[in-house]
>>> print(open('model_10.txt').read())   # compact mmCIF, C-alpha atoms
# COMPACT_ATOMS: atom_id res chain seq x y z
CA MET D 1 9.81 8.23 -214.93
CA SER D 2 8.22 11.27 -213.34
CA GLU D 3 8.35 11.47 -209.57
CA PRO D 4 5.90 14.14 -208.39
CA THR D 5 6.06 14.74 -204.65
CA ARG D 6 3.22 17.19 -204.02
CA ARG D 7 0.56 14.52 -204.24
CA ARG D 8 2.33 11.88 -202.18
CA LEU D 9 0.41 12.25 -198.93
CA GLY D 10 0.06 8.87 -197.33
CA ARG D 11 2.68 7.29 -199.52
CA PRO D 12 4.57 4.44 -197.89
CA PRO D 13 8.13 5.52 -196.95
CA ARG D 14 9.49 3.64 -199.94
CA ALA D 15 7.48 1.94 -202.67
CA GLU D 16 8.28 -1.74 -202.24
CA ASN D 17 7.97 -2.46 -205.90
CA GLN D 18 6.28 -1.55 -209.17
CA ARG D 19 3.02 -3.26 -208.19
CA GLU D 20 2.67 -1.24 -205.01
CA ARG D 21 3.51 1.95 -206.83
CA ILE D 22 0.75 1.29 -209.37
CA MET D 23 -1.68 0.63 -206.52
CA HIS D 24 -0.68 3.82 -204.75
CA GLU D 25 -1.13 5.98 -207.86
CA ALA D 26 -4.42 4.22 -208.57
CA ALA D 27 -5.70 4.97 -205.05
CA ILE D 28 -5.03 8.67 -205.60
CA LEU D 29 -6.67 8.58 -209.02
CA PHE D 30 -9.78 6.66 -207.86
CA ALA D 31 -10.13 8.83 -204.75
CA ARG D 32 -9.93 12.01 -206.81
CA SER D 33 -11.81 11.14 -209.98
CA GLY D 34 -13.97 8.23 -208.88
CA PHE D 35 -13.59 4.68 -210.05
CA ASP D 36 -15.85 4.98 -213.12
CA ALA D 37 -14.28 8.18 -214.39
CA SER D 38 -10.72 6.80 -214.12
CA SER D 39 -8.99 4.87 -216.90
CA LEU D 40 -5.95 2.62 -217.08
CA ASN D 41 -4.50 5.10 -219.57
CA GLU D 42 -4.58 7.85 -216.96
CA LEU D 43 -3.18 5.46 -214.38
CA ALA D 44 -0.29 4.54 -216.67
CA GLU D 45 0.44 8.21 -217.15
CA GLU D 46 0.28 9.02 -213.43
CA ALA D 47 2.44 6.05 -212.50
CA GLY D 48 4.97 6.80 -215.26
CA ILE D 49 4.67 3.29 -216.60
CA SER D 50 3.38 1.74 -219.83
CA LYS D 51 -0.09 0.25 -220.00
CA ALA D 52 1.58 -3.10 -220.72
CA GLY D 53 3.47 -2.62 -217.47
CA ILE D 54 0.16 -2.35 -215.61
CA TYR D 55 -1.21 -5.43 -217.37
CA HIS D 56 1.82 -7.32 -216.15
CA TYR D 57 0.42 -7.03 -212.63
CA PHE D 58 -3.33 -6.52 -213.08
CA LYS D 59 -5.86 -7.86 -215.56
CA THR D 60 -8.44 -5.07 -215.14
CA LYS D 61 -9.07 -1.74 -213.45
CA GLN D 62 -11.32 -3.65 -211.09
CA ASP D 63 -8.36 -5.86 -210.13
CA VAL D 64 -6.33 -2.81 -209.19
CA TYR D 65 -9.18 -1.44 -207.07
CA ASP D 66 -9.75 -4.75 -205.31
CA ALA D 67 -6.02 -5.15 -204.63
CA ILE D 68 -5.96 -1.72 -202.95
CA ILE D 69 -8.94 -2.56 -200.73
CA ILE D 70 -7.63 -6.00 -199.76
CA LYS D 71 -4.14 -4.72 -199.03
CA THR D 72 -5.49 -1.83 -196.97
CA LEU D 73 -7.82 -4.02 -194.92
CA GLU D 74 -5.06 -6.60 -194.35
CA GLY D 75 -2.55 -3.95 -193.36
CA LEU D 76 -5.06 -2.28 -191.05
CA PHE D 77 -5.84 -5.54 -189.30
CA ASP D 78 -2.18 -6.50 -188.90
CA HIS D 79 -1.13 -3.10 -187.61
CA VAL D 80 -4.03 -2.64 -185.21
CA SER D 81 -4.12 -6.21 -183.87
CA MET D 82 -0.37 -6.14 -183.22
CA THR D 83 -0.63 -2.82 -181.37
CA VAL D 84 -3.62 -3.99 -179.36
CA GLY D 85 -1.90 -7.28 -178.55
CA SER D 86 0.86 -5.53 -176.62
CA VAL D 87 -1.60 -3.91 -174.20
CA ALA D 88 -3.38 -5.54 -171.26
CA GLU D 89 -6.36 -3.54 -169.93
CA PRO D 90 -9.57 -3.14 -172.02
CA GLN D 91 -9.57 0.64 -171.77
CA ASP D 92 -5.93 0.79 -172.91
CA LYS D 93 -6.72 -1.73 -175.64
CA LEU D 94 -9.60 0.35 -176.95
CA LEU D 95 -7.46 3.48 -176.90
CA ALA D 96 -4.70 1.58 -178.72
CA PHE D 97 -7.21 0.30 -181.27
CA MET D 98 -8.48 3.79 -182.02
CA THR D 99 -5.12 5.55 -182.20
CA ALA D 100 -3.49 2.73 -184.20
CA HIS D 101 -6.42 2.79 -186.64
CA ALA D 102 -6.20 6.58 -187.00
CA ASP D 103 -2.44 6.43 -187.45
CA PHE D 104 -2.70 3.76 -190.14
CA PHE D 105 -5.43 5.79 -191.84
CA GLU D 106 -3.22 8.87 -191.94
CA ARG D 107 -0.25 6.94 -193.33
CA ASN D 108 -2.50 5.34 -195.97
CA TYR D 109 -4.65 8.38 -196.59
CA TRP D 110 -5.38 7.85 -200.30
CA ALA D 111 -6.18 4.18 -199.97
CA PHE D 112 -8.72 5.04 -197.27
CA ARG D 113 -10.20 7.85 -199.35
CA CYS D 114 -10.44 5.41 -202.24
CA MET D 115 -12.02 2.73 -200.02
CA LEU D 116 -14.43 4.85 -197.98
CA VAL D 117 -15.21 7.95 -199.99
CA SER D 118 -14.92 7.38 -203.71
CA PHE D 119 -17.78 5.51 -205.28
CA SER D 120 -17.16 1.84 -204.65
CA GLY D 121 -16.49 -0.12 -207.80
CA MET D 122 -16.09 -3.54 -206.23
CA SER D 123 -17.76 -6.19 -208.29
CA VAL D 124 -15.39 -9.14 -208.57
CA PRO D 125 -17.06 -11.78 -206.37
CA THR D 126 -13.98 -13.54 -204.95
CA SER D 127 -12.19 -10.36 -204.00
CA ARG D 128 -15.34 -8.84 -202.64
CA HIS D 129 -15.90 -11.88 -200.42
CA GLU D 130 -12.34 -11.60 -199.17
CA ALA D 131 -12.93 -7.94 -198.32
CA VAL D 132 -16.14 -8.73 -196.44
CA VAL D 133 -14.33 -11.38 -194.40
CA LEU D 134 -11.48 -8.98 -193.63
CA ARG D 135 -13.91 -6.29 -192.54
CA GLU D 136 -15.81 -8.68 -190.28
CA HIS D 137 -12.57 -9.96 -188.83
CA TYR D 138 -11.62 -6.39 -188.00
CA GLU D 139 -14.97 -5.55 -186.45
CA HIS D 140 -14.71 -8.63 -184.27
CA LEU D 141 -11.31 -7.58 -183.00
CA LEU D 142 -12.95 -4.38 -181.77
CA ARG D 143 -16.09 -6.04 -180.41
CA ASP D 144 -14.00 -8.53 -178.44
CA ILE D 145 -12.12 -5.69 -176.77
CA ILE D 146 -15.41 -4.09 -175.74
CA ALA D 147 -16.99 -7.38 -174.67
CA ASP D 148 -13.92 -8.24 -172.56
CA GLY D 149 -14.11 -4.82 -170.93
CA VAL D 150 -17.76 -5.40 -170.06
CA ARG D 151 -17.11 -8.92 -168.75
CA GLN D 152 -14.21 -7.81 -166.61
CA GLY D 153 -16.18 -4.87 -165.20
CA HIS D 154 -14.05 -2.13 -166.78
CA PHE D 155 -16.98 -0.96 -168.91
CA ARG D 156 -20.67 -0.88 -168.09
CA ALA D 157 -22.97 -3.32 -169.86
CA VAL D 158 -23.03 -1.73 -173.33
CA ASP D 159 -23.81 -3.67 -176.51
CA PRO D 160 -20.42 -4.52 -178.11
CA ALA D 161 -21.83 -4.46 -181.67
CA GLY D 162 -23.50 -1.06 -181.38
CA THR D 163 -20.60 0.42 -179.45
CA GLY D 164 -18.13 -0.94 -181.99
CA ARG D 165 -20.18 0.68 -184.73
CA ALA D 166 -20.06 4.02 -182.93
CA VAL D 167 -16.26 3.73 -182.67
CA LEU D 168 -15.80 2.82 -186.33
CA SER D 169 -18.21 5.57 -187.43
CA MET D 170 -16.07 8.19 -185.74
CA LEU D 171 -12.88 6.73 -187.20
CA ASN D 172 -14.23 6.10 -190.70
CA TRP D 173 -15.84 9.50 -191.09
CA MET D 174 -12.36 10.99 -190.76
CA ALA D 175 -11.80 9.91 -194.37
CA ARG D 176 -14.35 12.59 -195.27
CA TRP D 177 -13.03 15.61 -193.37
CA PHE D 178 -9.51 15.00 -192.10
CA GLN D 179 -6.68 16.71 -194.00
CA PRO D 180 -3.18 15.36 -193.35
CA GLY D 181 -0.79 18.10 -192.30
CA GLY D 182 -3.37 20.02 -190.26
CA PRO D 183 -3.16 21.14 -186.62
CA LYS D 184 -3.82 17.66 -185.19
CA THR D 185 -2.71 14.21 -186.27
CA ALA D 186 -5.45 11.65 -186.88
CA SER D 187 -4.16 9.81 -183.83
CA GLN D 188 -4.69 12.89 -181.64
CA VAL D 189 -8.25 13.19 -182.90
CA ALA D 190 -8.78 9.51 -182.03
CA GLU D 191 -7.46 10.14 -178.50
CA GLU D 192 -10.06 12.86 -178.03
CA TYR D 193 -12.81 10.55 -179.28
CA ALA D 194 -11.58 7.84 -176.91
CA ASP D 195 -11.69 10.24 -173.98
CA LEU D 196 -15.27 11.18 -174.88
CA LEU D 197 -16.21 7.49 -175.16
CA PHE D 198 -14.63 6.47 -171.88
CA HIS D 199 -15.87 9.28 -169.71
CA GLY D 200 -18.97 10.42 -171.56
CA LEU D 201 -20.34 13.91 -171.61
CA ARG D 202 -21.39 13.88 -168.00
CA GLY D 203 -17.93 12.86 -166.76
CA MET J 1 -46.40 7.83 -216.29
CA SER J 2 -44.89 4.82 -214.53
CA GLU J 3 -45.22 4.70 -210.77
CA PRO J 4 -42.79 2.12 -209.40
CA THR J 5 -43.11 1.59 -205.66
CA ARG J 6 -40.29 -0.83 -204.86
CA ARG J 7 -37.66 1.85 -204.99
CA ARG J 8 -39.51 4.52 -203.06
CA LEU J 9 -37.69 4.24 -199.73
CA GLY J 10 -37.45 7.64 -198.18
CA ARG J 11 -39.96 9.12 -200.56
CA PRO J 12 -41.92 12.03 -199.11
CA PRO J 13 -45.49 10.94 -198.23
CA ARG J 14 -46.77 12.77 -201.28
CA ALA J 15 -44.72 14.38 -204.04
CA GLU J 16 -45.48 18.09 -203.71
CA ASN J 17 -45.03 18.74 -207.38
CA GLN J 18 -43.21 17.77 -210.52
CA ARG J 19 -39.99 19.52 -209.47
CA GLU J 20 -39.76 17.57 -206.23
CA ARG J 21 -40.51 14.32 -207.98
CA ILE J 22 -37.65 14.92 -210.42
CA MET J 23 -35.34 15.66 -207.50
CA HIS J 24 -36.41 12.52 -205.66
CA GLU J 25 -35.84 10.28 -208.70
CA ALA J 26 -32.52 12.02 -209.32
CA ALA J 27 -31.39 11.37 -205.74
CA ILE J 28 -32.03 7.65 -206.20
CA LEU J 29 -30.24 7.66 -209.55
CA PHE J 30 -27.20 9.62 -208.31
CA ALA J 31 -26.98 7.54 -205.14
CA ARG J 32 -27.08 4.29 -207.10
CA SER J 33 -25.07 5.07 -210.22
CA GLY J 34 -22.96 8.02 -209.10
CA PHE J 35 -23.28 11.55 -210.40
CA ASP J 36 -20.91 11.15 -213.36
CA ALA J 37 -22.42 7.91 -214.60
CA SER J 38 -25.99 9.31 -214.52
CA SER J 39 -27.59 11.14 -217.43
CA LEU J 40 -30.64 13.37 -217.82
CA ASN J 41 -31.98 10.82 -220.28
CA GLU J 42 -32.01 8.15 -217.59
CA LEU J 43 -33.52 10.61 -215.14
CA ALA J 44 -36.32 11.45 -217.58
CA GLU J 45 -37.03 7.76 -217.99
CA GLU J 46 -37.01 7.05 -214.24
CA ALA J 47 -39.21 10.05 -213.49
CA GLY J 48 -41.62 9.20 -216.33
CA ILE J 49 -41.27 12.68 -217.74
CA SER J 50 -39.85 14.13 -220.95
CA LYS J 51 -36.39 15.62 -221.04
CA ALA J 52 -38.02 18.94 -221.93
CA GLY J 53 -40.06 18.56 -218.74
CA ILE J 54 -36.83 18.35 -216.74
CA TYR J 55 -35.39 21.40 -218.54
CA HIS J 56 -38.46 23.30 -217.50
CA TYR J 57 -37.21 23.13 -213.91
CA PHE J 58 -33.44 22.61 -214.18
CA LYS J 59 -30.80 23.87 -216.59
CA THR J 60 -28.24 21.11 -216.00
CA LYS J 61 -27.67 17.82 -214.18
CA GLN J 62 -25.53 19.82 -211.78
CA ASP J 63 -28.53 22.06 -211.01
CA VAL J 64 -30.59 19.02 -210.07
CA TYR J 65 -27.83 17.72 -207.81
CA ASP J 66 -27.33 21.08 -206.11
CA ALA J 67 -31.08 21.49 -205.60
CA ILE J 68 -31.21 18.11 -203.82
CA ILE J 69 -28.33 19.01 -201.51
CA ILE J 70 -29.67 22.48 -200.68
CA LYS J 71 -33.20 21.22 -200.06
CA THR J 72 -31.92 18.39 -197.87
CA LEU J 73 -29.69 20.65 -195.80
CA GLU J 74 -32.47 23.22 -195.42
CA GLY J 75 -35.02 20.59 -194.46
CA LEU J 76 -32.60 19.01 -192.00
CA PHE J 77 -31.91 22.32 -190.32
CA ASP J 78 -35.59 23.26 -190.11
CA HIS J 79 -36.69 19.91 -188.75
CA VAL J 80 -33.89 19.53 -186.22
CA SER J 81 -33.86 23.12 -184.98
CA MET J 82 -37.64 23.06 -184.49
CA THR J 83 -37.44 19.80 -182.54
CA VAL J 84 -34.56 21.04 -180.43
CA GLY J 85 -36.33 24.34 -179.79
CA SER J 86 -39.16 22.62 -177.95
CA VAL J 87 -36.81 21.09 -175.36
CA ALA J 88 -35.16 22.83 -172.40
CA GLU J 89 -32.24 20.88 -170.91
CA PRO J 90 -28.94 20.44 -172.84
CA GLN J 91 -28.93 16.67 -172.47
CA ASP J 92 -32.51 16.45 -173.76
CA LYS J 93 -31.61 18.89 -176.52
CA LEU J 94 -28.66 16.79 -177.65
CA LEU J 95 -30.80 13.66 -177.60
CA ALA J 96 -33.49 15.50 -179.59
CA PHE J 97 -30.87 16.72 -182.07
CA MET J 98 -29.57 13.21 -182.64
CA THR J 99 -32.90 11.44 -182.93
CA ALA J 100 -34.47 14.19 -185.09
CA HIS J 101 -31.44 14.07 -187.39
CA ALA J 102 -31.63 10.28 -187.65
CA ASP J 103 -35.36 10.39 -188.26
CA PHE J 104 -34.99 12.99 -191.02
CA PHE J 105 -32.20 10.92 -192.54
CA GLU J 106 -34.38 7.82 -192.64
CA ARG J 107 -37.30 9.71 -194.22
CA ASN J 108 -34.94 11.24 -196.79
CA TYR J 109 -32.79 8.18 -197.22
CA TRP J 110 -31.91 8.61 -200.91
CA ALA J 111 -31.10 12.29 -200.66
CA PHE J 112 -28.66 11.51 -197.82
CA ARG J 113 -27.10 8.65 -199.76
CA CYS J 114 -26.77 11.00 -202.70
CA MET J 115 -25.27 13.74 -200.50
CA LEU J 116 -22.94 11.70 -198.30
CA VAL J 117 -22.08 8.54 -200.19
CA SER J 118 -22.23 9.01 -203.93
CA PHE J 119 -19.33 10.86 -205.44
CA SER J 120 -19.98 14.55 -204.91
CA GLY J 121 -20.53 16.45 -208.13
CA MET J 122 -21.02 19.91 -206.65
CA SER J 123 -19.31 22.50 -208.76
CA VAL J 124 -21.67 25.45 -209.22
CA PRO J 125 -20.08 28.17 -207.04
CA THR J 126 -23.23 29.91 -205.73
CA SER J 127 -24.98 26.71 -204.79
CA ARG J 128 -21.88 25.26 -203.32
CA HIS J 129 -21.38 28.35 -201.18
CA GLU J 130 -24.99 28.10 -200.05
CA ALA J 131 -24.43 24.46 -199.09
CA VAL J 132 -21.31 25.30 -197.11
CA VAL J 133 -23.20 28.01 -195.22
CA LEU J 134 -26.07 25.63 -194.49
CA ARG J 135 -23.69 22.98 -193.22
CA GLU J 136 -21.90 25.44 -190.95
CA HIS J 137 -25.20 26.75 -189.69
CA TYR J 138 -26.18 23.20 -188.78
CA GLU J 139 -22.89 22.43 -187.07
CA HIS J 140 -23.25 25.55 -185.00
CA LEU J 141 -26.71 24.54 -183.85
CA LEU J 142 -25.12 21.39 -182.46
CA ARG J 143 -22.04 23.09 -181.00
CA ASP J 144 -24.21 25.63 -179.21
CA ILE J 145 -26.16 22.85 -177.53
CA ILE J 146 -22.93 21.28 -176.33
CA ALA J 147 -21.39 24.60 -175.27
CA ASP J 148 -24.54 25.51 -173.33
CA GLY J 149 -24.43 22.14 -171.59
CA VAL J 150 -20.83 22.75 -170.57
CA ARG J 151 -21.54 26.30 -169.40
CA GLN J 152 -24.54 25.25 -167.36
CA GLY J 153 -22.62 22.37 -165.79
CA HIS J 154 -24.68 19.57 -167.37
CA PHE J 155 -21.67 18.34 -169.33
CA ARG J 156 -18.03 18.29 -168.33
CA ALA J 157 -15.63 20.68 -170.07
CA VAL J 158 -15.43 19.00 -173.48
CA ASP J 159 -14.50 20.84 -176.68
CA PRO J 160 -17.81 21.65 -178.46
CA ALA J 161 -16.25 21.49 -181.95
CA GLY J 162 -14.58 18.10 -181.48
CA THR J 163 -17.57 16.67 -179.64
CA GLY J 164 -19.92 17.96 -182.32
CA ARG J 165 -17.76 16.26 -184.93
CA ALA J 166 -17.96 12.98 -183.03
CA VAL J 167 -21.76 13.28 -182.95
CA LEU J 168 -22.06 14.07 -186.67
CA SER J 169 -19.60 11.30 -187.56
CA MET J 170 -21.82 8.73 -185.88
CA LEU J 171 -24.94 10.14 -187.55
CA ASN J 172 -23.44 10.66 -191.00
CA TRP J 173 -21.82 7.26 -191.20
CA MET J 174 -25.32 5.78 -190.98
CA ALA J 175 -25.72 6.74 -194.66
CA ARG J 176 -23.13 4.03 -195.35
CA TRP J 177 -24.51 1.09 -193.42
CA PHE J 178 -28.09 1.72 -192.32
CA GLN J 179 -30.84 -0.05 -194.29
CA PRO J 180 -34.38 1.30 -193.84
CA GLY J 181 -36.79 -1.42 -192.83
CA GLY J 182 -34.29 -3.25 -190.62
CA PRO J 183 -34.68 -4.27 -186.95
CA LYS J 184 -34.08 -0.75 -185.60
CA THR J 185 -35.13 2.66 -186.83
CA ALA J 186 -32.38 5.20 -187.39
CA SER J 187 -33.81 7.13 -184.46
CA GLN J 188 -33.37 4.12 -182.15
CA VAL J 189 -29.76 3.80 -183.25
CA ALA J 190 -29.28 7.50 -182.46
CA GLU J 191 -30.75 6.97 -178.98
CA GLU J 192 -28.17 4.27 -178.30
CA TYR J 193 -25.38 6.55 -179.51
CA ALA J 194 -26.70 9.33 -177.28
CA ASP J 195 -26.72 7.02 -174.27
CA LEU J 196 -23.11 6.06 -174.99
CA LEU J 197 -22.17 9.72 -175.34
CA PHE J 198 -23.90 10.82 -172.16
CA HIS J 199 -22.74 8.09 -169.85
CA GLY J 200 -19.56 6.91 -171.51
CA LEU J 201 -18.20 3.40 -171.38
CA ARG J 202 -17.29 3.53 -167.73
CA GLY J 203 -20.78 4.53 -166.65
>>> encode(input="model_10.txt", output="structure tokens")
Amino acid sequence: MSEPTRRRLGRPPRAENQRERIMHEAAILFARSGFDASSLNELAEEAGISKAGIYHYFKTKQDVYDAIIIKTLEGLFDHVSMTVGSVAEPQDKLLAFMTAHADFFERNYWAFRCMLVSFSGMSVPTSRHEAVVLREHYEHLLRDIIADGVRQGHFRAVDPAGTGRAVLSMLNWMARWFQPGGPKTASQVAEEYADLLFHGLRG
Amino acid sequence: MSEPTRRRLGRPPRAENQRERIMHEAAILFARSGFDASSLNELAEEAGISKAGIYHYFKTKQDVYDAIIIKTLEGLFDHVSMTVGSVAEPQDKLLAFMTAHADFFERNYWAFRCMLVSFSGMSVPTSRHEAVVLREHYEHLLRDIIADGVRQGHFRAVDPAGTGRAVLSMLNWMARWFQPGGPKTASQVAEEYADLLFHGLRG
């Protein structure tokens, strides 16, 4: 079983099991080649596993893709909501949301590239519905932080939906330009965005 | 020659010529199906033109793609820089930049989807270099506005590069979620983002 290290950016510290390893290799493959242009044969080769081994865990290529998206969205929600939950003030909560999101993105770089950049191949209805629910759930976590801040007088009367979209735009677009291992961590970039959001350009 | 209208979102008011019409149909095709999954045969069918007619203007599928990107980036720069040039104050300039960008995006919806969302197929070195230069040129237009605002004391001492990135992230991510014909124009969304940027969350 080959164990290349060069391409392991964003790999979890230790692959929990075969299924996760397949998903991780698939995320890299889909992010690099696109969903359509990737095959289970290539995936088997990259993961150092037989095609039968893949079929043991996944019925189709689509299943692998959906599993990556669902796992990433679940992990993102768990990580960010837990971080946010340990903080009291809305401004601190929003900062925690942004840095925790950026940090999770950097640690799961390929899954995010696969989810946000490569051409989406989601077409299985049940999984897709699950992903939509997870995404909405996540957006509401953010909107609630902003709405609470407005209600409690920490923020001025901005629209929580539009403001949440601005926040997620800045964070999501990182999947397009951010390179792990560069001068700043994703979390540091998020801190700068948060500073800009809190204080504005006019200070 | 078929003339479907349903799919003409973002179509220029009047196709200048055959070449532009091919590019417009190609942008829709690439944005919807992805670059790899699209063929010149499909393009010929969609554009209601023979394959020989396409070869009259473009040597390869890649040439068509590159022409779309270059034209879009050139048009964006021209439109935005002209709009910005007619305004004096940095804050008004930044607002003009953002709304002009959003407006151009909405009028060239499919080209932007093709450029920012569909899997990038750019591989011709000269064109790619041209696109990189155009993109840098555009980013500098924005950074200069921000730097001028800082120098003249209209904005606090933010980093023009990082702030410019935040602005473009918000604008670019629109290619992922914005639907023309919805409750707000892209320009109105940009105005809300500009307000958030100027005044910040704490007002």
>>> residues_around(input="model_10.txt", residues="Asn172 (chain D)", least_positions_apart="4", cutoff="12 Å", atoms="all atoms listed in the file", output="VMD selection string")
(chain D and resid 98 101 to 102 104 to 106 109 112 to 113 115 to 117 164 to 168 176 to 178 186 190) or (chain J and resid 166 168 to 174 176 to 177)
>>> residues_around(input="model_10.txt", residues="Ala157 (chain D)", least_positions_apart="6", cutoff="9 Å", atoms="only C-alpha atoms", output="list in words")
Ala147, Val150 and Arg151 of chain D; Leu201 and Gly203 of chain J
>>> residues_around(input="model_10.txt", residues="Leu76 (chain D)", least_positions_apart="5", cutoff="10 Å", atoms="all atoms listed in the file", output="PDB file with C-alpha atoms, in the coordinates of the input")
ATOM      1  CA  ILE D  70      -7.630  -6.000-199.760  1.00  0.00           C
ATOM      2  CA  LYS D  71      -4.140  -4.720-199.030  1.00  0.00           C
ATOM      3  CA  SER D  81      -4.120  -6.210-183.870  1.00  0.00           C
ATOM      4  CA  MET D  82      -0.370  -6.140-183.220  1.00  0.00           C
ATOM      5  CA  ALA D 100      -3.490   2.730-184.200  1.00  0.00           C
ATOM      6  CA  HIS D 101      -6.420   2.790-186.640  1.00  0.00           C
ATOM      7  CA  ALA D 102      -6.200   6.580-187.000  1.00  0.00           C
ATOM      8  CA  ASP D 103      -2.440   6.430-187.450  1.00  0.00           C
ATOM      9  CA  PHE D 104      -2.700   3.760-190.140  1.00  0.00           C
ATOM     10  CA  PHE D 105      -5.430   5.790-191.840  1.00  0.00           C
ATOM     11  CA  ASN D 108      -2.500   5.340-195.970  1.00  0.00           C
ATOM     12  CA  LEU D 134     -11.480  -8.980-193.630  1.00  0.00           C
ATOM     13  CA  ARG D 135     -13.910  -6.290-192.540  1.00  0.00           C
ATOM     14  CA  TYR D 138     -11.620  -6.390-188.000  1.00  0.00           C
TER      15      TYR D 138
END
>>> atom_distance(input="model_10.txt", atom1="CA of Arg128 (chain D)", atom2="CA of Glu46 (chain D)")
26.1 Å
>>> atom_distance(input="model_10.txt", atom1="CA of Ala31 (chain D)", atom2="CA of Glu130 (chain J)")
24.8 Å
>>> closest_residue(input="model_10.txt", among="J:Lys93, J:Arg107, J:Arg202, J:Lys61", to="Phe35 (chain J)", atoms="all atoms listed in the file")
J:Lys61
>>> closest_residue(input="model_10.txt", among="D:Ile54, D:Val133, D:Leu142, D:Ala44", to="Leu95 (chain D)", atoms="only C-alpha atoms")
D:Leu142
>>> closest_residue(input="model_10.txt", among="J:Ser86, J:Asp36, J:Leu197, J:His137", to="Glu74 (chain J)", atoms="only C-alpha atoms")
J:His137
>>> closest_residue(input="model_10.txt", among="D:Phe97, D:Trp110, D:Thr72, D:Ala47", to="Ala175 (chain D)", atoms="only C-alpha atoms")
D:Trp110
>>> closest_residue(input="model_10.txt", among="D:Ile68, D:Tyr57, D:Gln62, D:Cys114", to="Phe30 (chain D)", atoms="all atoms listed in the file")
D:Cys114
>>> atom_distance(input="model_10.txt", atom1="CA of Ile145 (chain J)", atom2="CA of Thr185 (chain J)")
24.0 Å
>>> closest_residue(input="model_10.txt", among="D:Val84, D:Tyr65, D:Leu73, D:Pro90", to="Gly34 (chain D)", atoms="all atoms listed in the file")
D:Tyr65
>>> decode(input="model_10.txt", residues="region 96-110 of chain D", atoms="N, CA and C atoms", output="PDB file, in the first residue's frame")
ATOM      1  N   ALA D  96     -15.027  33.879  16.964  1.00  0.00           N
ATOM      2  CA  ALA D  96     -14.800  32.442  17.151  1.00  0.00           C
ATOM      3  C   ALA D  96     -15.378  31.645  15.988  1.00  0.00           C
ATOM      4  N   PHE D  97     -16.552  32.051  15.523  1.00  0.00           N
ATOM      5  CA  PHE D  97     -17.161  31.378  14.370  1.00  0.00           C
ATOM      6  C   PHE D  97     -16.221  31.451  13.169  1.00  0.00           C
ATOM      7  N   MET D  98     -15.722  32.636  12.886  1.00  0.00           N
ATOM      8  CA  MET D  98     -14.910  32.839  11.687  1.00  0.00           C
ATOM      9  C   MET D  98     -13.558  32.125  11.764  1.00  0.00           C
ATOM     10  N   THR D  99     -12.907  32.218  12.922  1.00  0.00           N
ATOM     11  CA  THR D  99     -11.593  31.575  13.030  1.00  0.00           C
ATOM     12  C   THR D  99     -11.732  30.051  13.106  1.00  0.00           C
ATOM     13  N   ALA D 100     -12.777  29.572  13.793  1.00  0.00           N
ATOM     14  CA  ALA D 100     -12.981  28.116  13.863  1.00  0.00           C
ATOM     15  C   ALA D 100     -13.307  27.559  12.477  1.00  0.00           C
ATOM     16  N   HIS D 101     -14.127  28.289  11.725  1.00  0.00           N
ATOM     17  CA  HIS D 101     -14.455  27.874  10.355  1.00  0.00           C
ATOM     18  C   HIS D 101     -13.175  27.812   9.509  1.00  0.00           C
ATOM     19  N   ALA D 102     -12.389  28.870   9.582  1.00  0.00           N
ATOM     20  CA  ALA D 102     -11.160  28.939   8.771  1.00  0.00           C
ATOM     21  C   ALA D 102     -10.188  27.834   9.159  1.00  0.00           C
ATOM     22  N   ASP D 103     -10.101  27.569  10.450  1.00  0.00           N
ATOM     23  CA  ASP D 103      -9.204  26.537  10.944  1.00  0.00           C
ATOM     24  C   ASP D 103      -9.651  25.145  10.456  1.00  0.00           C
ATOM     25  N   PHE D 104     -10.940  24.905  10.533  1.00  0.00           N
ATOM     26  CA  PHE D 104     -11.480  23.623  10.058  1.00  0.00           C
ATOM     27  C   PHE D 104     -11.266  23.481   8.552  1.00  0.00           C
ATOM     28  N   PHE D 105     -11.479  24.580   7.837  1.00  0.00           N
ATOM     29  CA  PHE D 105     -11.221  24.586   6.384  1.00  0.00           C
ATOM     30  C   PHE D 105      -9.779  24.197   6.086  1.00  0.00           C
ATOM     31  N   GLU D 106      -8.848  24.791   6.814  1.00  0.00           N
ATOM     32  CA  GLU D 106      -7.436  24.512   6.523  1.00  0.00           C
ATOM     33  C   GLU D 106      -7.084  23.055   6.835  1.00  0.00           C
ATOM     34  N   ARG D 107      -7.645  22.521   7.909  1.00  0.00           N
ATOM     35  CA  ARG D 107      -7.359  21.130   8.276  1.00  0.00           C
ATOM     36  C   ARG D 107      -8.069  20.145   7.356  1.00  0.00           C
ATOM     37  N   ASN D 108      -9.103  20.610   6.659  1.00  0.00           N
ATOM     38  CA  ASN D 108      -9.843  19.743   5.728  1.00  0.00           C
ATOM     39  C   ASN D 108      -9.837  20.358   4.332  1.00  0.00           C
ATOM     40  N   TYR D 109      -8.639  20.827   3.968  1.00  0.00           N
ATOM     41  CA  TYR D 109      -8.465  21.593   2.738  1.00  0.00           C
ATOM     42  C   TYR D 109      -9.054  20.928   1.496  1.00  0.00           C
ATOM     43  N   TRP D 110      -8.735  19.645   1.269  1.00  0.00           N
ATOM     44  CA  TRP D 110      -9.181  18.985   0.044  1.00  0.00           C
ATOM     45  C   TRP D 110     -10.673  18.751   0.011  1.00  0.00           C
TER      46      TRP D 110
END
